[in-house]
Structures are given as C-alpha cells and as structure tokens.
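Colleague: For reference, the structure I am asking about is given below.
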Amino acid sequence: GLSSLSATMADAPVTPVATIGLVADVQYADKEDDVRGGALRHYRQALPKLAVAVDAFNASEPDLVLHLGDIVDGNVDDATTLADFRAVAGEFARLRMPVCHVVGNHCLDVGRDTLLTSLRTDAYYEHKLSRAWDMLVLDTTDVGLKGASDELISQGRTFLSEHAGKLPYAQPWNGGVGAAQLAWLRERLDSCRVHGRRAIVVGHMPIWDAAATDQHLVYNHVELLELLDARADVVALYLAGHYHSGGYARRPSGVHHLTCEGLVEASEAAKGYAHLALYEDCIQITSADPEGTLGAVTSRTLALKLLPITASADQNTEQRNANN
C-alpha cells in the first residue's frame, strides 16, 4: 500500500543529482539465437526488448539514457549489418531525452565513420551530469584491429602479434585506449579535481578482471586502473559492458567497478535494462527485473564514502561482501 511505499521513500536519499537509463550490449541482429562462450544470445529478441526499455525510459524520464556499446552483433554481410543498425538506431531515436552512446567492438562492423555520424557522437567525450558531476566516456576500441587511425590499428596489430596466446586479454574482441585519449582523460580528471567535481568514467570494455574476466579487458587496463586509482577522490565509478554476465568489485582505492549485464543475453522473462540514480553519498542501480531473473541487470547500492586503503586480505573480504 501507499504507507509502505512512503516508508521506503523516506529511507531513500532525497533527490538524485542525476538519473540515467541504463542498457548494455543490445547487440541486435536479424539472425538465429546462438551460444557463445557458454551463454545463449537472443539476437532477434534484443530489438523488441530495447523497444520496451525505450517506452519505459520515456515514461520514467531519466536525465539521459546511456548505452554501453555493441549496438549490433554484425551480420552475414555489410548491407544486412547496416539494416540491423538502422533498426536499433530507430529505437534509440524515439527517446525523448539525450542518449549517450559508447563505442563497442561489434559497433565497428557498421564502420567507424558511419557509426559516429549516424549516432551523432564523438568516439570519446565528456557529458556534464550536474553542477558537481561529470561523465567521461571512453573509446576502448581506440587501439585495435578496427582502431581510430592507421597508427592505432598498427599498434593493435603489434600488441596482438606479440601477446596473443600469452595474455588472456590479447584478443581481437578487446581493444586499447591510445596515448592522446589517455592524455585527455588525465587532463579532464585533473580539471575535475581542481574544481571539486566528481566523475563517472564509462567504457565498453572492463579494466579490472575482478568485475569481469581476464579475457574481456582493455589491452592497457593496468595503466587505466593506475590512472583512476590515483584520482579516487574524483572517480566514483568505472562503468562498462562487453562481458554480458556482468560483475562488480571495489578497488582498495575506493573506486567502484561495475560491468552491466548485456541485453542480448537477457532471458525471455527478463527486461534487461535498469535505472541508475546518482546521489551525493551513493549510486543506486535499480533493475527493471525482479531479483534472480536470468540475464537481468543486478540491483545494487554503491556507497560513495572513500574506503581506507587496507591490506589485501581485507580487500578480498570487502569484495566478497560487496558481491553478496
């Protein structure tokens, strides 16, 4: 009844600083379901699921909608892939609030230029969430086989030829963050620090295996982890997709790492999207699905008070507790 509703609302933090509609890895394709990495991908089902999410976001009116990358899966030929892309882009176009897109490895099957032009987005960019909060969106496909320039493609090829078979994350489906983008990220975060702002950093690919697996990481994830850990007073959260099963862990520095479950692997019963509410003292992720729904986004509350740096034994306990 209403009394129980008002009681729960009284317990919640007052007004969010920002609200975000959250969806990851739509990865739509007009093709049969397929098992990849031991999980079933519902390619065709992803489009009607996205349509339901769009309707829900238009009703709940978050400040923006964030898609964490891999808008399509890629199909038998370029024309079919492009048709898949147009269908998904058409759903996103129905949203009555800004949409922030993230470049994913599968997105590049559309072609980098077509993708960025059609979605009217830069590959990496800053989005102001509020007077005190920024969202910095990375392009984790910057370095790679379909990288952002000939030089970055060449760096990706070199990395893979040197490390494939030796490093678990040296995979063609991963990528790296190039020097210019790293310099931009460092500069933006240092500017946040000077102005007393906080930031959420977003990328398609995870950068810590504790929140994903070691086969789904950015090539130079160690460099990124160090960069963010050194600015844990600014960075509250690193938010990623790519690894469809999702995951969560918190660094000793206090930075949260959240990998959002992929819509393409949401079960028939699952809606597979979520709402994120940003408060001064916590980030609340509210799944559209009841707890335990297969393939749903997990509801979580991430406290934003900085943690003391503790010995590694305590960190492991902390992580286990955070995951329970």
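Chains: A, B, ... in order of the structure tokens. Residues: from 1 per chain. Ligands: from 1, in order shown.
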Hey, what does DSSP flag as strand (DSSP E or B) within stretch 67-182 of chain A? Can you give it to me as a list in words?
Modeller: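 Listing strand (DSSP E or B) positions across stretch 67-182 of chain A yields His67, Val72, Val99, Cys100, His101, Tyr125, Glu126, His127, Lys128, Trp133, Asp134, Met135, Leu136, Val137, Val143 and Gly176 of chain A.
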Colleague: Using only C-alpha atoms, what does the table of stretch 167-279 of chain A residues within 9 Å of stretch 54-71 of chain A look like, with each row giving the shortest atom pair and its distance in Å to one decimal, sorted by chain and ascending number, as JSON lines?
Modeller:
{"residue": "A:Val202", "atom": "CA", "partner": "A:Leu68", "partner_atom": "CA", "distance": 7.8}
{"residue": "A:Gly203", "atom": "CA", "partner": "A:Leu68", "partner_atom": "CA", "distance": 7.0}
{"residue": "A:His204", "atom": "CA", "partner": "A:Gly69", "partner_atom": "CA", "distance": 5.5}
{"residue": "A:Met205", "atom": "CA", "partner": "A:Gly69", "partner_atom": "CA", "distance": 8.9}
{"residue": "A:Leu239", "atom": "CA", "partner": "A:Leu68", "partner_atom": "CA", "distance": 8.3}
{"residue": "A:Ala240", "atom": "CA", "partner": "A:Leu68", "partner_atom": "CA", "distance": 6.4}
{"residue": "A:Gly241", "atom": "CA", "partner": "A:Leu68", "partner_atom": "CA", "distance": 5.5}
{"residue": "A:His242", "atom": "CA", "partner": "A:Gly69", "partner_atom": "CA", "distance": 7.5}
{"residue": "A:Cys260", "atom": "CA", "partner": "A:Leu68", "partner_atom": "CA", "distance": 8.1}
{"residue": "A:Gly262", "atom": "CA", "partner": "A:Leu68", "partner_atom": "CA", "distance": 8.9}
{"residue": "A:His275", "atom": "CA", "partner": "A:Pro62", "partner_atom": "CA", "distance": 7.9}
{"residue": "A:Leu276", "atom": "CA", "partner": "A:Pro62", "partner_atom": "CA", "distance": 8.7}
{"residue": "A:Ala277", "atom": "CA", "partner": "A:Pro62", "partner_atom": "CA", "distance": 8.8}
Colleague: When you count only C-alpha atoms, which of these residues is closest to A:Pro172: A:Arg112, A:Lys31, A:Lys146, A:Arg197?
Modeller: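 Residue with the minimum atom-to-atom distance to A:Pro172: A:Lys146.
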Colleague: Looking only at helix (DSSP H, G or I) from DSSP on the backbone, list the matching residues of stretch 63-200 of chain A as a PDB file with C-alpha atoms, in the first residue's frame.
Modeller:
ATOM      1  CA  ASP A  78      27.565  -5.243 -44.708  1.00  0.00           C
ATOM      2  CA  ALA A  79      24.088  -4.457 -46.060  1.00  0.00           C
ATOM      3  CA  THR A  80      22.379  -6.731 -43.503  1.00  0.00           C
ATOM      4  CA  THR A  81      24.529  -5.362 -40.675  1.00  0.00           C
ATOM      5  CA  LEU A  82      23.599  -1.821 -41.730  1.00  0.00           C
ATOM      6  CA  ALA A  83      19.890  -2.745 -41.792  1.00  0.00           C
ATOM      7  CA  ASP A  84      20.257  -4.170 -38.251  1.00  0.00           C
ATOM      8  CA  PHE A  85      21.956  -0.948 -37.166  1.00  0.00           C
ATOM      9  CA  ARG A  86      19.239   1.280 -38.679  1.00  0.00           C
ATOM     10  CA  ALA A  87      16.576  -0.716 -36.804  1.00  0.00           C
ATOM     11  CA  VAL A  88      18.318  -0.245 -33.437  1.00  0.00           C
ATOM     12  CA  ALA A  89      19.168   3.409 -34.107  1.00  0.00           C
ATOM     13  CA  GLY A  90      15.474   3.939 -34.923  1.00  0.00           C
ATOM     14  CA  GLU A  91      14.506   2.699 -31.455  1.00  0.00           C
ATOM     15  CA  PHE A  92      17.062   4.945 -29.735  1.00  0.00           C
ATOM     16  CA  ALA A  93      15.768   7.869 -31.836  1.00  0.00           C
ATOM     17  CA  HIS A 106      30.783  -5.052 -32.518  1.00  0.00           C
ATOM     18  CA  CYS A 107      29.620  -1.492 -33.326  1.00  0.00           C
ATOM     19  CA  LEU A 108      32.586  -1.199 -35.675  1.00  0.00           C
ATOM     20  CA  ASP A 109      31.055  -3.794 -38.038  1.00  0.00           C
ATOM     21  CA  VAL A 110      28.936  -0.828 -39.158  1.00  0.00           C
ATOM     22  CA  ARG A 112      33.534   3.752 -37.524  1.00  0.00           C
ATOM     23  CA  ASP A 113      32.538   6.787 -39.606  1.00  0.00           C
ATOM     24  CA  THR A 114      29.002   5.574 -40.315  1.00  0.00           C
ATOM     25  CA  LEU A 115      28.541   4.707 -36.637  1.00  0.00           C
ATOM     26  CA  LEU A 116      29.714   8.048 -35.236  1.00  0.00           C
ATOM     27  CA  THR A 117      27.945  10.141 -37.896  1.00  0.00           C
ATOM     28  CA  SER A 118      24.626   8.259 -37.604  1.00  0.00           C
ATOM     29  CA  ASP A 150      46.132   3.763 -39.172  1.00  0.00           C
ATOM     30  CA  GLU A 151      48.666   4.292 -36.388  1.00  0.00           C
ATOM     31  CA  LEU A 152      46.283   2.971 -33.687  1.00  0.00           C
ATOM     32  CA  ILE A 153      45.350  -0.023 -35.885  1.00  0.00           C
ATOM     33  CA  SER A 154      49.041  -0.778 -36.330  1.00  0.00           C
ATOM     34  CA  GLN A 155      49.548  -0.557 -32.517  1.00  0.00           C
ATOM     35  CA  GLY A 156      46.662  -3.022 -32.083  1.00  0.00           C
ATOM     36  CA  ARG A 157      48.123  -5.467 -34.608  1.00  0.00           C
ATOM     37  CA  THR A 158      51.522  -5.270 -32.932  1.00  0.00           C
ATOM     38  CA  PHE A 159      50.021  -5.845 -29.481  1.00  0.00           C
ATOM     39  CA  LEU A 160      48.106  -8.920 -30.670  1.00  0.00           C
ATOM     40  CA  SER A 161      51.003 -10.432 -32.619  1.00  0.00           C
ATOM     41  CA  GLU A 162      53.291 -10.044 -29.577  1.00  0.00           C
ATOM     42  CA  HIS A 163      50.860 -11.181 -26.865  1.00  0.00           C
ATOM     43  CA  ALA A 179      48.005   7.940 -25.853  1.00  0.00           C
ATOM     44  CA  ALA A 180      46.020  11.019 -26.975  1.00  0.00           C
ATOM     45  CA  GLN A 181      42.832   9.723 -25.326  1.00  0.00           C
ATOM     46  CA  LEU A 182      44.736   8.848 -22.131  1.00  0.00           C
ATOM     47  CA  ALA A 183      46.150  12.369 -22.022  1.00  0.00           C
ATOM     48  CA  TRP A 184      42.616  13.760 -22.486  1.00  0.00           C
ATOM     49  CA  LEU A 185      41.259  11.569 -19.652  1.00  0.00           C
ATOM     50  CA  ARG A 186      44.088  12.585 -17.304  1.00  0.00           C
ATOM     51  CA  GLU A 187      43.530  16.261 -18.119  1.00  0.00           C
ATOM     52  CA  ARG A 188      39.725  16.054 -17.615  1.00  0.00           C
ATOM     53  CA  LEU A 189      40.054  14.252 -14.260  1.00  0.00           C
ATOM     54  CA  ASP A 190      42.723  16.664 -13.038  1.00  0.00           C
ATOM     55  CA  SER A 191      40.452  19.543 -14.045  1.00  0.00           C
ATOM     56  CA  CYS A 192      37.611  17.915 -12.070  1.00  0.00           C
ATOM     57  CA  ARG A 193      39.889  17.714  -9.046  1.00  0.00           C
ATOM     58  CA  VAL A 194      40.844  21.387  -9.281  1.00  0.00           C
TER      59      VAL A 194
END
Colleague: As an exercise, work out the distance from atom CA of A:Ala170 to atom CA of A:Leu217 in Å and give it to one decimal place.
Modeller: 8.5 Å
Colleague: Extract, using only C-alpha atoms, all DNA, RNA and protein residues at most 10 Å from A:Ala269, discarding same-chain residues fewer than 3 positions from it, and format them as a PDB file with N, CA and C atoms, in the first residue's frame.
Modeller:
ATOM      1  N   ALA A 266      19.766 -11.404 -22.033  1.00  0.00           N
ATOM      2  CA  ALA A 266      18.634 -11.420 -21.095  1.00  0.00           C
ATOM      3  C   ALA A 266      17.677 -12.546 -21.506  1.00  0.00           C
ATOM      4  N   GLY A 272      15.910  -6.631 -18.855  1.00  0.00           N
ATOM      5  CA  GLY A 272      17.323  -6.450 -19.152  1.00  0.00           C
ATOM      6  C   GLY A 272      17.852  -5.025 -19.194  1.00  0.00           C
ATOM      7  N   ASP A 289      13.962  -5.691 -13.510  1.00  0.00           N
ATOM      8  CA  ASP A 289      13.502  -7.060 -13.269  1.00  0.00           C
ATOM      9  C   ASP A 289      13.580  -7.433 -11.799  1.00  0.00           C
ATOM     10  N   THR A 293      16.069 -12.873 -11.782  1.00  0.00           N
ATOM     11  CA  THR A 293      15.663 -13.099 -13.174  1.00  0.00           C
ATOM     12  C   THR A 293      16.914 -13.355 -14.006  1.00  0.00           C
ATOM     13  N   LEU A 294      16.918 -14.421 -14.774  1.00  0.00           N
ATOM     14  CA  LEU A 294      18.097 -14.803 -15.551  1.00  0.00           C
ATOM     15  C   LEU A 294      18.452 -13.723 -16.582  1.00  0.00           C
ATOM     16  N   GLY A 295      19.700 -13.272 -16.536  1.00  0.00           N
ATOM     17  CA  GLY A 295      20.179 -12.308 -17.519  1.00  0.00           C
ATOM     18  C   GLY A 295      19.769 -10.871 -17.241  1.00  0.00           C
ATOM     19  N   ALA A 296      19.148 -10.629 -16.088  1.00  0.00           N
ATOM     20  CA  ALA A 296      18.729  -9.260 -15.745  1.00  0.00           C
ATOM     21  C   ALA A 296      19.915  -8.453 -15.227  1.00  0.00           C
TER      22      ALA A 296
END
Colleague: For A:Ala212, list every protein, DNA or RNA residue within 8 Å, evaluated using only C-alpha atoms, and leave out those in the same chain fewer than 5 positions away; present the list as a PyMOL selection string.
Modeller: chain A and resi 206+217+243+246-248+259
Colleague: Please produce a file of those selected residues containing all heavy atoms, as a PDB file, in the first residue's frame.
Modeller:
ATOM      1  N   PRO A 206      35.615  -3.626 -19.730  1.00  0.00           N
ATOM      2  CA  PRO A 206      36.076  -3.529 -18.342  1.00  0.00           C
ATOM      3  C   PRO A 206      37.592  -3.341 -18.277  1.00  0.00           C
ATOM      4  O   PRO A 206      38.307  -3.645 -19.241  1.00  0.00           O
ATOM      5  CB  PRO A 206      35.677  -4.878 -17.738  1.00  0.00           C
ATOM      6  CG  PRO A 206      34.663  -5.462 -18.665  1.00  0.00           C
ATOM      7  CD  PRO A 206      35.004  -4.931 -20.020  1.00  0.00           C
ATOM      8  N   LEU A 217      39.259  -7.651 -21.059  1.00  0.00           N
ATOM      9  CA  LEU A 217      39.824  -6.393 -20.553  1.00  0.00           C
ATOM     10  C   LEU A 217      40.453  -5.553 -21.653  1.00  0.00           C
ATOM     11  O   LEU A 217      40.927  -6.065 -22.669  1.00  0.00           O
ATOM     12  CB  LEU A 217      40.889  -6.696 -19.494  1.00  0.00           C
ATOM     13  CG  LEU A 217      40.439  -7.524 -18.282  1.00  0.00           C
ATOM     14  CD1 LEU A 217      41.626  -7.788 -17.361  1.00  0.00           C
ATOM     15  CD2 LEU A 217      39.314  -6.821 -17.530  1.00  0.00           C
ATOM     16  N   TYR A 243      31.278  -7.703 -21.201  1.00  0.00           N
ATOM     17  CA  TYR A 243      31.184  -9.028 -20.589  1.00  0.00           C
ATOM     18  C   TYR A 243      29.729  -9.203 -20.136  1.00  0.00           C
ATOM     19  O   TYR A 243      29.310  -8.646 -19.130  1.00  0.00           O
ATOM     20  CB  TYR A 243      32.157  -9.149 -19.410  1.00  0.00           C
ATOM     21  CG  TYR A 243      32.029 -10.444 -18.645  1.00  0.00           C
ATOM     22  CD1 TYR A 243      32.178 -11.668 -19.292  1.00  0.00           C
ATOM     23  CD2 TYR A 243      31.751 -10.446 -17.275  1.00  0.00           C
ATOM     24  CE1 TYR A 243      32.044 -12.871 -18.598  1.00  0.00           C
ATOM     25  CE2 TYR A 243      31.629 -11.643 -16.571  1.00  0.00           C
ATOM     26  CZ  TYR A 243      31.769 -12.838 -17.240  1.00  0.00           C
ATOM     27  OH  TYR A 243      31.639 -14.030 -16.551  1.00  0.00           O
ATOM     28  N   GLY A 246      28.077  -9.684 -16.605  1.00  0.00           N
ATOM     29  CA  GLY A 246      28.167  -8.598 -15.629  1.00  0.00           C
ATOM     30  C   GLY A 246      29.073  -8.942 -14.464  1.00  0.00           C
ATOM     31  O   GLY A 246      29.544 -10.079 -14.317  1.00  0.00           O
ATOM     32  N   GLY A 247      29.330  -7.944 -13.636  1.00  0.00           N
ATOM     33  CA  GLY A 247      30.179  -8.162 -12.468  1.00  0.00           C
ATOM     34  C   GLY A 247      30.361  -6.875 -11.686  1.00  0.00           C
ATOM     35  O   GLY A 247      30.013  -5.786 -12.154  1.00  0.00           O
ATOM     36  N   TYR A 248      30.892  -7.036 -10.486  1.00  0.00           N
ATOM     37  CA  TYR A 248      31.122  -5.863  -9.637  1.00  0.00           C
ATOM     38  C   TYR A 248      32.270  -6.141  -8.671  1.00  0.00           C
ATOM     39  O   TYR A 248      32.386  -7.254  -8.130  1.00  0.00           O
ATOM     40  CB  TYR A 248      29.865  -5.498  -8.821  1.00  0.00           C
ATOM     41  CG  TYR A 248      30.185  -4.488  -7.740  1.00  0.00           C
ATOM     42  CD1 TYR A 248      30.339  -3.141  -8.058  1.00  0.00           C
ATOM     43  CD2 TYR A 248      30.431  -4.894  -6.429  1.00  0.00           C
ATOM     44  CE1 TYR A 248      30.699  -2.217  -7.084  1.00  0.00           C
ATOM     45  CE2 TYR A 248      30.797  -3.981  -5.453  1.00  0.00           C
ATOM     46  CZ  TYR A 248      30.936  -2.643  -5.782  1.00  0.00           C
ATOM     47  OH  TYR A 248      31.321  -1.734  -4.841  1.00  0.00           O
ATOM     48  N   THR A 259      30.311  -3.876 -14.166  1.00  0.00           N
ATOM     49  CA  THR A 259      30.092  -4.341 -15.530  1.00  0.00           C
ATOM     50  C   THR A 259      28.610  -4.692 -15.642  1.00  0.00           C
ATOM     51  O   THR A 259      28.126  -5.549 -14.902  1.00  0.00           O
ATOM     52  CB  THR A 259      30.975  -5.562 -15.837  1.00  0.00           C
ATOM     53  OG1 THR A 259      32.345  -5.227 -15.542  1.00  0.00           O
ATOM     54  CG2 THR A 259      30.863  -5.961 -17.295  1.00  0.00           C
TER      55      THR A 259
END
Colleague: Could you pull the residues within 9 Å of A:Thr141, counting only C-alpha atoms, minus those fewer than 2 positions along the same chain, as a JSON list (two decimals) with all heavy atoms, in the first residue's frame?
Modeller:
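Saved file around.json follows:
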[["chain", "number", "residue", "atom", "x", "y", "z"],
["A", 103, "VAL", "N", 31.29, 3.44, -27.88],
["A", 103, "VAL", "CA", 31.74, 2.60, -29.00],
["A", 103, "VAL", "C", 32.15, 1.23, -28.47],
["A", 103, "VAL", "O", 32.99, 1.12, -27.57],
["A", 103, "VAL", "CB", 32.93, 3.25, -29.75],
["A", 103, "VAL", "CG1", 33.38, 2.35, -30.90],
["A", 103, "VAL", "CG2", 32.55, 4.63, -30.27],
["A", 104, "GLY", "N", 31.53, 0.17, -29.03],
["A", 104, "GLY", "CA", 31.89, -1.20, -28.68],
["A", 104, "GLY", "C", 32.54, -1.89, -29.86],
["A", 104, "GLY", "O", 32.45, -1.40, -30.99],
["A", 105, "ASN", "N", 33.19, -3.02, -29.62],
["A", 105, "ASN", "CA", 33.89, -3.72, -30.70],
["A", 105, "ASN", "C", 32.94, -4.14, -31.83],
["A", 105, "ASN", "O", 33.26, -3.99, -33.01],
["A", 105, "ASN", "CB", 34.65, -4.93, -30.14],
["A", 105, "ASN", "CG", 33.82, -5.82, -29.22],
["A", 105, "ASN", "OD1", 33.24, -5.32, -28.24],
["A", 105, "ASN", "ND2", 33.76, -7.10, -29.49],
["A", 108, "LEU", "N", 31.70, -1.56, -34.57],
["A", 108, "LEU", "CA", 32.59, -1.20, -35.68],
["A", 108, "LEU", "C", 32.33, -2.02, -36.93],
["A", 108, "LEU", "O", 32.85, -1.70, -38.00],
["A", 108, "LEU", "CB", 34.05, -1.31, -35.23],
["A", 108, "LEU", "CG", 34.40, -0.35, -34.08],
["A", 108, "LEU", "CD1", 35.82, -0.59, -33.60],
["A", 108, "LEU", "CD2", 34.21, 1.10, -34.48],
["A", 138, "LEU", "N", 34.78, 6.84, -22.59],
["A", 138, "LEU", "CA", 35.99, 6.43, -23.30],
["A", 138, "LEU", "C", 35.66, 5.61, -24.55],
["A", 138, "LEU", "O", 34.60, 5.00, -24.63],
["A", 138, "LEU", "CB", 36.89, 5.58, -22.40],
["A", 138, "LEU", "CG", 37.35, 6.21, -21.08],
["A", 138, "LEU", "CD1", 38.26, 5.24, -20.34],
["A", 138, "LEU", "CD2", 38.04, 7.54, -21.31],
["A", 139, "ASP", "N", 36.61, 5.57, -25.46],
["A", 139, "ASP", "CA", 36.55, 4.66, -26.60],
["A", 139, "ASP", "C", 37.60, 3.58, -26.38],
["A", 139, "ASP", "O", 38.79, 3.81, -26.61],
["A", 139, "ASP", "CB", 36.81, 5.41, -27.91],
["A", 139, "ASP", "CG", 36.91, 4.46, -29.11],
["A", 139, "ASP", "OD1", 36.52, 3.27, -28.96],
["A", 139, "ASP", "OD2", 37.39, 4.89, -30.18],
["A", 143, "VAL", "N", 42.54, 1.69, -29.86],
["A", 143, "VAL", "CA", 43.65, 0.87, -30.36],
["A", 143, "VAL", "C", 43.08, -0.51, -30.65],
["A", 143, "VAL", "O", 42.44, -1.11, -29.79],
["A", 143, "VAL", "CB", 44.76, 0.74, -29.30],
["A", 143, "VAL", "CG1", 45.86, -0.23, -29.76],
["A", 143, "VAL", "CG2", 45.36, 2.10, -28.96],
["A", 144, "GLY", "N", 43.29, -1.03, -31.86],
["A", 144, "GLY", "CA", 42.77, -2.36, -32.17],
["A", 144, "GLY", "C", 42.69, -2.58, -33.66],
["A", 144, "GLY", "O", 43.07, -1.71, -34.46],
["A", 145, "LEU", "N", 42.18, -3.74, -34.04],
["A", 145, "LEU", "CA", 42.13, -4.13, -35.46],
["A", 145, "LEU", "C", 41.23, -3.19, -36.27],
["A", 145, "LEU", "O", 41.39, -3.07, -37.48],
["A", 145, "LEU", "CB", 41.66, -5.58, -35.59],
["A", 145, "LEU", "CG", 42.58, -6.61, -34.92],
["A", 145, "LEU", "CD1", 42.06, -8.02, -35.15],
["A", 145, "LEU", "CD2", 44.03, -6.48, -35.42],
["A", 146, "LYS", "N", 40.27, -2.55, -35.58],
["A", 146, "LYS", "CA", 39.42, -1.54, -36.24],
["A", 146, "LYS", "C", 39.57, -0.22, -35.49],
["A", 146, "LYS", "O", 38.59, 0.47, -35.20],
["A", 146, "LYS", "CB", 37.96, -2.00, -36.26],
["A", 146, "LYS", "CG", 37.75, -3.25, -37.10],
["A", 146, "LYS", "CD", 36.29, -3.69, -37.11],
["A", 146, "LYS", "CE", 36.13, -4.96, -37.94],
["A", 146, "LYS", "NZ", 34.77, -5.51, -37.84],
["A", 147, "GLY", "N", 40.81, 0.12, -35.16],
["A", 147, "GLY", "CA", 41.11, 1.29, -34.35],
["A", 147, "GLY", "C", 40.78, 2.61, -35.04],
["A", 147, "GLY", "O", 40.30, 2.64, -36.17],
["A", 148, "ALA", "N", 41.06, 3.71, -34.32],
["A", 148, "ALA", "CA", 40.61, 5.03, -34.75],
["A", 148, "ALA", "C", 41.51, 5.69, -35.79],
["A", 148, "ALA", "O", 41.16, 6.73, -36.34],
["A", 148, "ALA", "CB", 40.46, 5.93, -33.53],
["A", 173, "TRP", "N", 38.65, -9.23, -29.91],
["A", 173, "TRP", "CA", 37.41, -8.56, -29.48],
["A", 173, "TRP", "C", 37.65, -7.50, -28.40],
["A", 173, "TRP", "O", 36.72, -6.80, -28.00],
["A", 173, "TRP", "CB", 36.37, -9.57, -29.01],
["A", 173, "TRP", "CG", 36.80, -10.45, -27.86],
["A", 173, "TRP", "CD1", 36.85, -10.10, -26.53],
["A", 173, "TRP", "CD2", 37.20, -11.81, -27.93],
["A", 173, "TRP", "NE1", 37.28, -11.16, -25.78],
["A", 173, "TRP", "CE2", 37.50, -12.23, -26.61],
["A", 173, "TRP", "CE3", 37.34, -12.73, -28.98],
["A", 173, "TRP", "CZ2", 37.94, -13.53, -26.31],
["A", 173, "TRP", "CZ3", 37.78, -14.01, -28.68],
["A", 173, "TRP", "CH2", 38.07, -14.40, -27.37],
["A", 174, "ASN", "N", 38.89, -7.37, -27.93],
["A", 174, "ASN", "CA", 39.21, -6.30, -26.99],
["A", 174, "ASN", "C", 39.92, -5.17, -27.73],
["A", 174, "ASN", "O", 40.12, -5.24, -28.94],
["A", 174, "ASN", "CB", 40.08, -6.84, -25.85],
["A", 174, "ASN", "CG", 39.34, -7.87, -25.00],
["A", 174, "ASN", "OD1", 38.13, -7.76, -24.83],
["A", 174, "ASN", "ND2", 40.05, -8.85, -24.48],
["A", 175, "GLY", "N", 40.30, -4.13, -27.02],
["A", 175, "GLY", "CA", 41.00, -3.01, -27.63],
["A", 175, "GLY", "C", 41.72, -2.20, -26.58],
["A", 175, "GLY", "O", 41.70, -2.57, -25.39],
["A", 176, "GLY", "N", 42.34, -1.13, -27.01],
["A", 176, "GLY", "CA", 43.10, -0.31, -26.08],
["A", 176, "GLY", "C", 42.74, 1.16, -26.16],
["A", 176, "GLY", "O", 42.03, 1.60, -27.06],
["A", 177, "VAL", "N", 43.21, 1.92, -25.18],
["A", 177, "VAL", "CA", 43.00, 3.37, -25.14],
["A", 177, "VAL", "C", 44.32, 4.03, -25.51],
["A", 177, "VAL", "O", 45.34, 3.83, -24.84],
["A", 177, "VAL", "CB", 42.52, 3.81, -23.73],
["A", 177, "VAL", "CG1", 42.44, 5.32, -23.63],
["A", 177, "VAL", "CG2", 41.15, 3.18, -23.43],
["A", 204, "HIS", "N", 33.26, 0.76, -22.96],
["A", 204, "HIS", "CA", 32.61, -0.51, -23.31],
["A", 204, "HIS", "C", 33.27, -1.67, -22.59],
["A", 204, "HIS", "O", 32.60, -2.55, -22.05],
["A", 204, "HIS", "CB", 32.65, -0.73, -24.83],
["A", 204, "HIS", "CG", 32.06, -2.05, -25.24],
["A", 204, "HIS", "ND1", 30.74, -2.37, -25.01],
["A", 204, "HIS", "CD2", 32.62, -3.15, -25.83],
["A", 204, "HIS", "CE1", 30.50, -3.60, -25.46],
["A", 204, "HIS", "NE2", 31.62, -4.09, -25.96],
["A", 205, "MET", "N", 34.60, -1.67, -22.55],
["A", 205, "MET", "CA", 35.33, -2.82, -22.01],
["A", 205, "MET", "C", 35.74, -2.59, -20.56],
["A", 205, "MET", "O", 36.19, -1.51, -20.20],
["A", 205, "MET", "CB", 36.58, -3.08, -22.85],
["A", 205, "MET", "CG", 36.24, -3.51, -24.27],
["A", 205, "MET", "SD", 37.66, -3.38, -25.37],
["A", 205, "MET", "CE", 36.81, -3.32, -26.97],
["A", 218, "VAL", "N", 40.48, -4.24, -21.41],
["A", 218, "VAL", "CA", 41.21, -3.30, -22.26],
["A", 218, "VAL", "C", 42.69, -3.71, -22.27],
["A", 218, "VAL", "O", 43.24, -4.13, -21.24],
["A", 218, "VAL", "CB", 41.05, -1.87, -21.70],
["A", 218, "VAL", "CG1", 41.94, -0.87, -22.43],
["A", 218, "VAL", "CG2", 39.58, -1.43, -21.77]]
Colleague: Using only C-alpha atoms, pick whichever of A:Tyr238, A:Glu32, A:Glu223, A:Arg250 has the shortest atom-to-atom distance to A:Ala210.
Modeller: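 Smallest separation from A:Ala210 among the options: A:Arg250.
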